[in-house]
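Printed here is coords19.txt (compact mmCIF, C-alpha atoms):
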```
# COMPACT_ATOMS: atom_id res chain seq x y z
CA MET A 179 75.43 75.60 96.26
CA VAL A 180 77.48 78.77 96.84
CA LYS A 181 76.75 80.49 100.14
CA GLN A 182 75.36 84.02 99.85
CA VAL A 183 77.49 86.37 101.95
CA THR A 184 75.80 89.27 103.73
CA ALA A 185 77.47 92.62 104.39
CA VAL A 186 76.90 95.97 106.04
CA VAL A 187 78.50 99.03 104.43
CA ILE A 188 80.11 101.50 106.82
CA GLY A 189 80.66 104.65 104.75
CA ALA A 190 78.63 105.00 101.54
CA GLY A 191 81.04 107.21 99.62
CA ASN A 192 82.62 106.44 96.29
CA ARG A 193 84.52 103.34 97.44
CA GLY A 194 81.77 101.87 99.61
CA ASP A 195 79.24 102.35 96.84
CA ASN A 196 81.58 100.75 94.31
CA TYR A 197 82.33 97.63 96.35
CA ALA A 198 78.63 97.21 97.17
CA GLU A 199 77.88 97.07 93.42
CA PHE A 200 79.23 93.52 93.46
CA ALA A 201 75.92 92.53 95.08
CA VAL A 202 73.96 93.99 92.15
CA HIS A 203 75.91 91.97 89.60
CA PHE A 204 76.20 88.80 91.69
CA PRO A 205 73.11 88.72 93.97
CA ASP A 206 73.56 85.00 94.63
CA ARG A 207 76.99 85.66 96.14
CA LEU A 208 76.54 88.92 98.08
CA LYS A 209 73.65 90.79 99.67
CA ILE A 210 73.99 94.23 101.28
CA VAL A 211 71.80 94.15 104.38
CA GLY A 212 72.76 97.39 106.16
CA VAL A 213 74.36 100.78 105.71
CA ALA A 214 75.73 103.53 107.95
CA GLU A 215 76.45 106.91 106.36
CA PRO A 216 76.07 110.43 107.83
CA ARG A 217 75.17 112.10 104.50
CA LYS A 218 71.49 111.55 103.83
CA ALA A 219 71.70 111.61 100.02
CA ARG A 220 74.50 109.02 99.92
CA ARG A 221 72.81 106.88 102.56
CA THR A 222 69.47 106.92 100.76
CA LYS A 223 71.06 106.16 97.40
CA LEU A 224 72.74 103.01 98.69
CA GLN A 225 69.65 102.00 100.68
CA ASN A 226 67.43 102.22 97.60
CA ARG A 227 69.98 100.54 95.35
CA HIS A 228 70.14 97.48 97.60
CA LYS A 229 66.60 97.57 99.05
CA ILE A 230 67.87 97.88 102.62
CA PRO A 231 65.06 98.15 105.20
CA ASN A 232 64.76 101.32 107.27
CA ASP A 233 65.64 99.51 110.49
CA LYS A 234 69.04 98.59 109.01
CA THR A 235 69.81 102.09 107.70
CA PHE A 236 71.81 104.36 110.02
CA SER A 237 73.51 107.73 110.08
CA ASP A 238 76.28 106.55 112.43
CA TRP A 239 78.21 103.27 112.52
CA VAL A 240 77.99 103.29 116.33
CA GLU A 241 74.27 102.53 116.00
CA VAL A 242 75.08 99.43 113.96
CA ALA A 243 77.73 98.26 116.41
CA ALA A 244 75.20 98.55 119.24
CA LEU A 245 73.08 95.82 117.66
CA PRO A 246 73.70 92.07 117.70
CA LYS A 247 75.63 90.91 114.65
CA PHE A 248 73.34 90.69 111.59
CA ALA A 249 75.77 90.22 108.67
CA ASP A 250 78.78 88.10 107.80
CA CYS A 251 81.10 91.02 107.11
CA ALA A 252 81.49 94.77 107.29
CA PHE A 253 82.89 96.99 104.53
CA ILE A 254 84.79 99.79 106.29
CA THR A 255 84.99 102.56 103.68
CA THR A 256 84.99 105.66 105.86
CA GLN A 257 87.57 108.45 105.59
CA ASP A 258 91.17 107.47 106.39
CA ARG A 259 91.21 108.76 109.97
CA MET A 260 87.91 107.00 110.72
CA HIS A 261 89.05 103.43 110.08
CA LYS A 262 90.39 102.05 113.34
CA GLU A 263 87.42 102.47 115.68
CA PRO A 264 84.79 100.80 113.48
CA VAL A 265 87.20 98.01 112.47
CA VAL A 266 87.93 97.18 116.10
CA ALA A 267 84.26 97.40 117.07
CA PHE A 268 82.97 95.17 114.26
CA ALA A 269 85.82 92.68 114.58
CA LYS A 270 84.92 92.23 118.25
CA LEU A 271 81.34 91.51 117.16
CA GLY A 272 82.58 88.76 114.87
CA TYR A 273 82.27 90.50 111.50
CA HIS A 274 84.86 89.73 108.85
CA ILE A 275 86.38 93.00 107.65
CA LEU A 276 86.91 94.45 104.19
CA LEU A 277 88.93 97.62 104.83
CA GLU A 278 89.65 100.41 102.36
CA LYS A 279 93.29 101.47 102.18
CA PRO A 280 95.14 102.86 103.97
CA MET A 281 94.47 100.65 106.98
CA ALA A 282 94.81 103.64 109.30
CA THR A 283 96.85 106.83 109.60
CA THR A 284 99.26 105.79 112.38
CA GLU A 285 101.49 102.78 112.94
CA GLU A 286 99.83 102.12 116.27
CA ASP A 287 96.32 102.03 114.80
CA CYS A 288 97.43 99.71 111.98
CA LYS A 289 98.95 97.32 114.50
CA GLU A 290 95.84 97.41 116.68
CA ILE A 291 93.62 96.61 113.68
CA VAL A 292 95.73 93.57 112.82
CA SER A 293 96.04 92.31 116.38
CA THR A 294 92.30 92.70 117.01
CA CYS A 295 91.26 90.85 113.86
CA LYS A 296 93.69 88.05 114.68
CA SER A 297 92.64 87.74 118.31
CA GLU A 298 88.94 87.77 117.39
CA GLY A 299 89.45 85.18 114.67
CA VAL A 300 87.96 87.25 111.86
CA MET A 301 89.29 87.67 108.34
CA LEU A 302 90.77 91.00 107.26
CA GLY A 303 91.07 91.99 103.62
CA VAL A 304 92.64 95.36 102.84
CA CYS A 305 91.70 96.99 99.55
CA HIS A 306 95.12 97.08 97.92
CA VAL A 307 93.29 96.42 94.67
CA LEU A 308 96.41 96.63 92.49
CA ARG A 309 97.61 93.33 93.95
CA TYR A 310 94.74 91.65 92.11
CA MET A 311 95.54 93.11 88.70
CA PRO A 312 96.74 90.61 86.06
CA GLN A 313 99.81 92.82 85.49
CA THR A 314 100.84 92.47 89.14
CA LEU A 315 100.24 88.73 89.17
CA THR A 316 102.15 88.20 85.91
CA ILE A 317 105.18 90.13 87.18
CA LYS A 318 105.19 88.14 90.42
CA LYS A 319 104.86 84.85 88.52
CA LEU A 320 107.75 85.68 86.19
CA ILE A 321 109.98 86.70 89.10
CA ALA A 322 109.12 83.51 91.00
CA SER A 323 109.81 81.37 87.91
CA GLY A 324 113.39 82.64 87.69
CA ALA A 325 112.78 84.10 84.22
CA ILE A 326 114.92 87.16 85.02
CA GLY A 327 117.26 85.51 87.53
CA ASP A 328 117.70 87.26 90.85
CA VAL A 329 115.94 90.62 91.17
CA VAL A 330 118.46 93.45 91.50
CA ASN A 331 116.33 96.57 91.23
CA ILE A 332 112.68 97.62 90.90
CA GLN A 333 111.56 101.06 89.73
CA LEU A 334 107.92 102.10 90.01
CA LEU A 335 106.41 105.40 88.87
CA GLU A 336 103.00 106.54 90.12
CA PRO A 337 101.86 109.49 87.94
CA ILE A 338 98.91 110.90 89.86
CA GLY A 339 97.80 113.26 87.10
CA PHE A 340 97.77 117.05 87.16
CA TRP A 341 94.02 117.55 87.52
CA HIS A 342 93.50 114.46 89.70
CA PHE A 343 95.97 115.85 92.24
CA ALA A 344 94.20 119.23 92.16
CA HIS A 345 90.87 117.50 92.70
CA SER A 346 91.83 115.13 95.52
CA TYR A 347 94.92 116.59 97.18
CA VAL A 348 94.57 120.36 96.76
CA ARG A 349 90.82 120.96 96.93
CA GLY A 350 89.55 117.55 98.05
CA ASN A 351 89.29 115.18 100.99
CA TRP A 352 93.02 114.46 101.20
CA HIS A 353 94.36 118.02 100.94
CA ARG A 354 95.41 118.41 104.58
CA GLU A 355 97.31 115.86 106.61
CA GLU A 356 95.56 116.64 109.89
CA ASP A 357 92.19 115.89 108.26
CA SER A 358 93.22 112.74 106.39
CA SER A 359 96.82 111.53 106.01
CA PHE A 360 100.09 112.39 104.30
CA SER A 361 99.91 111.91 100.53
CA LEU A 362 102.37 109.00 100.33
CA LEU A 363 100.07 106.99 102.60
CA ALA A 364 96.87 108.12 100.91
CA LYS A 365 98.04 107.67 97.33
CA ALA A 366 101.17 105.52 97.10
CA CYS A 367 100.70 102.88 99.80
CA HIS A 368 99.44 100.80 96.83
CA ASP A 369 102.79 101.19 95.12
CA ILE A 370 105.00 100.47 98.10
CA ASP A 371 102.87 97.40 98.76
CA LEU A 372 103.51 96.23 95.17
CA VAL A 373 107.29 96.66 95.46
CA ASN A 374 107.38 94.81 98.79
CA HIS A 375 105.21 92.04 97.34
CA TRP A 376 107.48 91.57 94.33
CA MET A 377 110.59 91.60 96.55
CA SER A 378 109.11 89.04 98.96
CA PRO A 379 110.38 86.96 100.74
CA HIS A 380 113.30 89.38 101.11
CA GLN A 381 113.02 91.97 103.88
CA CYS A 382 113.56 95.70 103.54
CA LYS A 383 116.44 96.95 105.69
CA LYS A 384 116.88 100.66 104.83
CA VAL A 385 114.60 103.47 103.64
CA SER A 386 115.27 107.04 102.52
CA SER A 387 112.89 109.56 100.99
CA PHE A 388 112.71 113.09 99.59
CA GLY A 389 109.79 115.26 98.53
CA SER A 390 107.87 118.47 99.10
CA LEU A 391 104.85 120.53 98.16
CA MET A 392 105.56 122.45 94.98
CA HIS A 393 103.48 124.85 92.88
CA PHE A 394 100.14 124.67 94.71
CA ARG A 395 101.10 127.52 97.03
CA LYS A 396 100.11 131.15 97.41
CA GLU A 397 103.52 132.35 96.18
CA ASP A 398 102.93 130.54 92.88
CA LYS A 399 99.59 132.23 92.17
CA PRO A 400 99.53 133.91 88.73
CA GLN A 401 99.23 137.65 88.63
CA GLY A 402 95.62 138.74 88.25
CA ALA A 403 94.16 135.42 89.40
CA GLY A 404 91.02 135.47 91.55
CA THR A 405 90.09 133.44 94.59
CA ARG A 406 87.51 131.35 92.71
CA CYS A 407 87.70 129.92 89.22
CA LEU A 408 84.25 131.15 88.17
CA ASP A 409 85.32 134.76 88.78
CA CYS A 410 88.95 134.52 87.69
CA ALA A 411 90.25 136.79 84.92
CA VAL A 412 93.05 134.38 83.98
CA GLU A 413 91.10 131.12 84.33
CA HIS A 414 91.34 130.39 80.60
CA GLY A 415 95.11 129.91 80.94
CA CYS A 416 95.02 127.66 84.02
CA PRO A 417 95.13 123.87 83.57
CA TYR A 418 93.84 123.41 87.13
CA SER A 419 90.67 125.45 86.57
CA ALA A 420 87.61 124.05 88.34
CA LYS A 421 85.55 125.11 85.33
CA LYS A 422 87.63 122.83 83.12
CA ILE A 423 87.72 119.91 85.56
CA TYR A 424 84.05 119.89 86.59
CA LEU A 425 81.78 122.23 84.62
CA ASP A 426 83.18 121.44 81.18
CA SER A 427 83.10 117.76 82.09
CA VAL A 428 79.36 117.92 82.83
CA LYS A 429 78.76 119.80 79.59
CA ARG A 430 80.39 116.89 77.77
CA GLY A 431 77.98 114.50 79.46
CA ASN A 432 80.29 113.10 82.14
CA THR A 433 78.41 112.90 85.44
CA GLY A 434 80.65 110.25 87.02
CA TRP A 435 83.91 110.71 88.92
CA PRO A 436 85.15 113.33 89.75
CA VAL A 437 81.92 115.32 89.25
CA SER A 438 79.92 112.83 91.33
CA VAL A 439 82.23 113.54 94.28
CA ILE A 440 81.39 117.24 94.52
CA THR A 441 77.60 117.02 94.26
CA ASP A 442 74.85 114.40 94.55
CA THR A 443 73.02 115.94 91.56
CA PRO A 444 75.70 116.31 88.89
CA ASP A 445 74.08 118.74 86.46
CA ILE A 446 75.23 122.15 85.23
CA GLU A 447 73.18 124.12 87.74
CA SER A 448 74.23 122.17 90.83
CA VAL A 449 77.89 122.00 89.79
CA THR A 450 77.89 125.76 89.20
CA ASP A 451 76.42 126.34 92.68
CA VAL A 452 79.05 124.08 94.27
CA LEU A 453 81.87 125.89 92.49
CA LYS A 454 80.54 129.26 93.67
CA THR A 455 80.60 128.35 97.36
CA GLY A 456 82.42 125.08 98.07
CA PRO A 457 86.08 124.04 98.25
CA TYR A 458 86.11 122.54 94.76
CA GLY A 459 85.63 125.96 93.20
CA LYS A 460 88.56 127.59 94.98
CA CYS A 461 91.74 128.69 93.26
CA VAL A 462 94.37 125.96 93.70
CA TYR A 463 96.78 128.67 94.88
CA GLU A 464 94.39 129.80 97.63
CA CYS A 465 93.65 126.46 99.32
CA ASP A 466 94.95 125.42 102.74
CA ASN A 467 96.52 122.21 101.36
CA ASP A 468 99.77 120.98 102.88
CA VAL A 469 100.43 117.44 101.51
CA VAL A 470 103.44 116.93 99.26
CA SER A 471 102.99 116.99 95.49
CA HIS A 472 105.96 114.77 94.66
CA GLN A 473 108.03 112.24 96.56
CA VAL A 474 110.67 109.61 95.85
CA VAL A 475 111.31 106.66 98.17
CA ASN A 476 114.38 104.42 98.08
CA PHE A 477 114.59 100.95 99.60
CA GLN A 478 117.43 98.53 100.23
CA TYR A 479 116.58 94.88 100.83
CA SER A 480 118.30 92.10 102.73
CA LYS A 481 120.55 90.83 99.92
CA GLY A 482 121.50 94.26 98.60
CA GLN A 483 118.60 94.63 96.17
CA THR A 484 117.27 98.15 95.73
CA ALA A 485 113.94 99.66 94.74
CA SER A 486 112.47 103.10 94.23
CA VAL A 487 108.94 104.48 94.14
CA THR A 488 108.27 107.89 92.61
CA MET A 489 104.95 109.63 93.18
CA VAL A 490 104.35 112.84 91.22
CA ALA A 491 101.35 115.13 90.71
CA PHE A 492 102.48 116.75 87.49
CA SER A 493 101.70 114.21 84.79
CA GLU A 494 99.41 113.66 81.82
CA ASP A 495 98.71 110.06 82.83
CA ILE A 496 96.22 109.47 85.61
CA CYS A 497 97.51 106.70 87.89
CA ASP A 498 98.88 104.67 84.98
CA ARG A 499 101.69 102.96 86.87
CA LYS A 500 104.94 102.22 85.09
CA VAL A 501 107.29 99.56 86.44
CA ARG A 502 110.67 98.10 85.49
CA VAL A 503 112.19 95.07 87.18
CA PHE A 504 115.87 94.40 86.53
CA GLY A 505 117.24 90.92 87.17
CA THR A 506 120.54 89.13 86.64
CA LYS A 507 119.20 87.24 83.63
CA GLY A 508 116.57 89.53 82.20
CA GLU A 509 114.31 92.52 82.53
CA LEU A 510 110.58 93.17 82.85
CA HIS A 511 108.70 96.35 82.12
CA CYS A 512 105.04 97.23 82.14
CA GLU A 513 102.84 100.27 81.72
CA PHE A 514 99.75 99.14 83.59
CA GLY A 515 97.37 100.95 81.26
CA GLN A 516 98.64 98.98 78.28
CA ARG A 517 97.93 95.66 80.03
CA VAL A 518 101.07 93.96 78.74
CA VAL A 519 104.18 92.77 80.61
CA HIS A 520 107.30 92.76 78.43
CA HIS A 521 110.14 90.32 79.17
CA PHE A 522 113.64 90.56 77.68
CA ASP A 523 115.99 87.59 78.14
CA PHE A 524 119.71 88.51 78.30
CA LEU A 525 120.94 85.14 77.01
CA THR A 526 118.66 84.65 74.00
CA LYS A 527 117.99 88.36 73.36
CA HIS A 528 114.40 87.21 72.93
CA LYS A 529 111.49 89.50 73.80
CA GLN A 530 108.24 87.98 75.04
CA HIS A 531 105.00 89.81 75.70
CA TYR A 532 102.36 88.67 78.19
CA SER A 533 98.82 89.98 77.73
CA CYS A 534 97.13 90.96 80.99
CA GLU A 535 93.53 91.57 80.01
CA VAL A 536 90.76 91.28 82.58
CA GLU A 537 87.92 89.03 81.46
CA ALA A 538 85.51 90.88 79.18
CA ASP A 539 82.53 90.21 81.46
CA ALA A 540 84.16 91.74 84.54
CA LYS A 541 81.41 93.81 86.16
CA LEU A 542 83.35 96.16 88.44
CA LYS A 543 85.59 98.21 86.14
CA GLY A 544 87.43 100.30 88.76
CA HIS A 545 91.25 100.10 88.74
CA GLY A 546 91.20 98.27 85.43
CA GLY A 547 88.86 95.58 86.72
CA ALA A 548 90.87 94.95 89.88
CA ASP A 549 88.00 96.14 92.11
CA GLY A 550 85.96 93.19 90.90
CA LEU A 551 88.82 90.74 91.35
CA LEU A 552 89.34 91.99 94.91
CA MET A 553 85.65 91.52 95.70
CA GLU A 554 85.58 88.02 94.23
CA SER A 555 88.54 87.05 96.37
CA PHE A 556 87.13 88.47 99.62
CA ILE A 557 83.58 87.19 99.14
CA ASP A 558 84.83 83.71 98.21
CA ALA A 559 87.07 83.72 101.28
CA VAL A 560 84.16 84.56 103.59
CA ALA A 561 81.80 82.09 101.90
CA SER A 562 84.28 79.22 102.13
CA LYS A 563 85.89 80.31 105.42
CA ASP A 564 89.27 80.26 103.68
CA PRO A 565 91.44 83.34 104.45
CA SER A 566 94.16 82.07 102.09
CA LEU A 567 92.03 83.37 99.20
CA ILE A 568 92.68 86.95 100.35
CA GLN A 569 95.87 88.21 98.75
CA THR A 570 96.04 91.35 100.89
CA GLY A 571 95.64 89.99 104.38
CA PRO A 572 96.77 91.41 107.72
CA GLU A 573 100.47 90.52 107.89
CA ASP A 574 101.47 91.48 104.34
CA THR A 575 99.50 94.69 104.47
CA LEU A 576 100.86 95.71 107.84
CA ALA A 577 104.43 95.12 106.61
CA SER A 578 104.00 97.42 103.61
CA HIS A 579 102.21 100.08 105.66
CA LEU A 580 105.13 100.15 108.09
CA LEU A 581 107.43 100.85 105.14
CA VAL A 582 105.24 103.81 104.18
CA PHE A 583 105.50 105.24 107.69
CA ALA A 584 109.27 104.68 107.67
CA ALA A 585 109.56 106.47 104.33
CA GLU A 586 107.66 109.50 105.57
CA LYS A 587 109.77 109.57 108.73
CA ALA A 588 112.91 109.50 106.57
CA ARG A 589 111.63 112.41 104.48
CA ARG A 590 110.74 114.55 107.48
CA LEU A 591 113.98 113.86 109.34
CA ASP A 592 116.13 113.93 106.19
CA THR A 593 117.80 110.68 107.18
CA VAL A 594 118.07 106.99 106.34
CA ILE A 595 115.81 104.78 108.45
CA LEU A 596 117.28 101.42 109.47
CA LEU A 597 114.70 98.65 109.90
```
What does this structure look like when you write it as structure tokens?
Amino acid sequence: MVKQVTAVVIGAGNRGDNYAEFAVHFPDRLKIVGVAEPRKARRTKLQNRHKIPNDKTFSDWVEVAALPKFADCAFITTQDRMHKEPVVAFAKLGYHILLEKPMATTEEDCKEIVSTCKSEGVMLGVCHVLRYMPQTLTIKKLIASGAIGDVVNIQLLEPIGFWHFAHSYVRGNWHREEDSSFSLLAKACHDIDLVNHWMSPHQCKKVSSFGSLMHFRKEDKPQGAGTRCLDCAVEHGCPYSAKKIYLDSVKRGNTGWPVSVITDTPDIESVTDVLKTGPYGKCVYECDNDVVSHQVVNFQYSKGQTASVTMVAFSEDICDRKVRVFGTKGELHCEFGQRVVHHFDFLTKHKQHYSCEVEADAKLKGHGGADGLLMESFIDAVASKDPSLIQTGPEDTLASHLLVFAAEKARRLDTVILL
């Protein structure tokens, strides 16, 4: 009989709520037995969804950590800068840790998280969900098989999406570095982790990077524009209009993300009120955002191989990664949204196509079904006490995070970082 794993959710925002849904679909495998969340509406929603008793429902994670351990694991899905302290506290209590990416916002905190989990003997799974996607696994398998010979170069494009960037990185939770983290860490640590995973076991030796904040600045504000979209005379000509992103979305019947982020009651009246007074209704040229809108990172590996990651706000596609892997005997390319990896063999000139569909009954649809695959892996690891089932464990994740920090250092100092 499969052991039922118990978990406490620390941070009942979008990600915490999503991972906890695994318990609804697979109640024999996971039970949510506690929650800590400062926002009453979010806390109550998760409590009711999982029938959590009042004495295991808290407004602050510190209250949970003050109690004797009462669950197998803790889901740490707080804001980026609020990761390290609860991870360390719950690891010391013996909880296995599922940690939303990024691990933390400084190298030192990332290292402390890893060292603490290792010294306390608890499992750590970091939510680099893209590692669990069939596309990622297929590319890794083809590289390992020698199908394209030795890897020479990897190119990965992360198109954030024009309105997604405005939502999350101009108006939203990740718009200022001092409140969250720099955008490469917040958005593209996934992508750098993928490149490093595909290049493994080779080690990165050099990193350079370039990027800046473009367009979402006061000097780019159109003539005649207001300070809020609801009162703006030129709103009809602005693709970043909050009316278009949120209000029109609700009118079309969409009450999920991103509308669900800005209000707990996503209807026309409440969304209108939020846009009148809150940050999500502000003109994108009048926000106090400071994170970069585009960045390119270049890597050189131990045998001369190179790789590049490009992150850009200004795209039609929303996070539909595009990757090309060039080898000495062949080439791979994949647009993640199409769920197919294409292989071209130099010798035979033959093209082969590998379908990468997630099983039709996958319950957690986020990130193309990868959220569900991540949860299966972590929950099975805890149930069987087998950390090898976790594909994004402490050492691999720390290594790729350190590359992200090196890339941002290279950008700021306008230099090449030697590792």
Counting all atoms listed in the file, which of A:Lys229, A:Thr184, A:Val474, A:Pro280 gets nearest to Cys367 of chain A? A:Pro280
Could you check how far atom CA of Gln333 of chain A sits from atom CA of Val475 of chain A, in Å to one decimal?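 Taking atom CA of Gln333 of chain A and atom CA of Val475 of chain A, their separation equals 10.1 Å.
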Which residues are close to Ser346 of chain A, i.e. within 12 Å by only C-alpha atoms, leaving aside same-chain residues fewer than 4 positions away? Reply as a ChimeraX atom specification. /A:338-342,350-354,358,361,364-365,418,423,435-437,439-440,457-458,462,467,469,471,491
Using Å and a single decimal, report how far atom CA of Thr256 of chain A sits from atom CA of Gly194 of chain A.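 Interatomic distance here is 8.0 Å.
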Name all residues at most 12 Å from Ala244 of chain A (count only C-alpha atoms; drop same-chain ones fewer than 6 positions away) and give them as an mmCIF file with C-alpha atoms, keeping the file's coordinate frame.
```cif
data_model
loop_
_atom_site.group_PDB
_atom_site.id
_atom_site.type_symbol
_atom_site.label_atom_id
_atom_site.label_comp_id
_atom_site.auth_asym_id
_atom_site.auth_seq_id
_atom_site.Cartn_x
_atom_site.Cartn_y
_atom_site.Cartn_z
ATOM 1 C CA LYS A 234 69.040 98.590 109.010
ATOM 2 C CA PHE A 236 71.810 104.360 110.020
ATOM 3 C CA ASP A 238 76.280 106.550 112.430
ATOM 4 C CA PRO A 264 84.790 100.800 113.480
ATOM 5 C CA ALA A 267 84.260 97.400 117.070
ATOM 6 C CA PHE A 268 82.970 95.170 114.260
ATOM 7 C CA LYS A 270 84.920 92.230 118.250
ATOM 8 C CA LEU A 271 81.340 91.510 117.160
#
```
What's the 9 Å shell around Asp371 of chain A, counting all atoms listed in the file, without same-chain residues fewer than 6 positions away, as a list in words?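 Near neighbours after the sequence-gap exclusion: His306, Arg309, Asp574, Thr575, Ala577, Ser578, His579, Leu581 and Val582 of chain A.
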Would you list the contacts of segment 497-502 of chain A as a PyMOL selection string, taking every protein, DNA or RNA residue within 12 Å and counting all atoms listed in the file, but skipping same-chain residues closer than 4 positions in sequence? chain A and resi 308+311+313-314+317+321+326+329-343+365-366+368-370+372-373+376+485-493+508-522+544-546
Selected residue, from A:Asp426, A:Met301, A:Val183, A:Arg259, that lies nearest to Glu573 of chain A when counting only C-alpha atoms: A:Met301
Residue nearest Ala249 of chain A among A:His203, A:Tyr197, A:Val560, A:Gly324 (counting all atoms listed in the file): A:Val560
With distances taken over all atoms listed in the file, which residue among A:His228, A:His380, A:Lys429, A:Lys527 lies nearest Gln483 of chain A?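 Using all atoms listed in the file, the shortest distance to Gln483 of chain A belongs to A:His380.
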Using only C-alpha atoms, give me every residue within 9 Å of (86.1, 88.8, 117.6) in file coordinates, as a PDB file with C-alpha atoms, keeping the file's coordinate frame.
```
ATOM      1  CA  VAL A 266      87.930  97.180 116.100  1.00  0.00           C
ATOM      2  CA  ALA A 267      84.260  97.400 117.070  1.00  0.00           C
ATOM      3  CA  PHE A 268      82.970  95.170 114.260  1.00  0.00           C
ATOM      4  CA  ALA A 269      85.820  92.680 114.580  1.00  0.00           C
ATOM      5  CA  LYS A 270      84.920  92.230 118.250  1.00  0.00           C
ATOM      6  CA  LEU A 271      81.340  91.510 117.160  1.00  0.00           C
ATOM      7  CA  GLY A 272      82.580  88.760 114.870  1.00  0.00           C
ATOM      8  CA  TYR A 273      82.270  90.500 111.500  1.00  0.00           C
ATOM      9  CA  HIS A 274      84.860  89.730 108.850  1.00  0.00           C
ATOM     10  CA  THR A 294      92.300  92.700 117.010  1.00  0.00           C
ATOM     11  CA  CYS A 295      91.260  90.850 113.860  1.00  0.00           C
ATOM     12  CA  LYS A 296      93.690  88.050 114.680  1.00  0.00           C
ATOM     13  CA  SER A 297      92.640  87.740 118.310  1.00  0.00           C
ATOM     14  CA  GLU A 298      88.940  87.770 117.390  1.00  0.00           C
ATOM     15  CA  GLY A 299      89.450  85.180 114.670  1.00  0.00           C
ATOM     16  CA  VAL A 300      87.960  87.250 111.860  1.00  0.00           C
TER      17      VAL A 300
END
```
Nearest candidate to Phe583 of chain A (options A:Ala185, A:Gly550, A:Lys421, A:Ile595; using only C-alpha atoms):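 Comparing A:Ala185, A:Gly550, A:Lys421, A:Ile595 against Phe583 of chain A, the winner is A:Ile595.
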Pick from A:Cys465, A:Thr255, A:Leu576, A:Lys209, whichever lies nearest to Ile291 of chain A using all atoms listed in the file: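 Checking each of A:Cys465, A:Thr255, A:Leu576, A:Lys209 against Ile291 of chain A, counting all atoms listed in the file, the winner is A:Leu576.
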Atomic separation - atom CA of Lys587 of chain A relative to atom CA of Pro572 of chain A, Å: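 These atoms are spaced 22.4 Å apart.
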Distance query Asp398 of chain A at most 10 Å, only C-alpha atoms, self and fewer than 3 positions along chain excluded, as number ranges by chain: A: 392-395, 401, 462-464
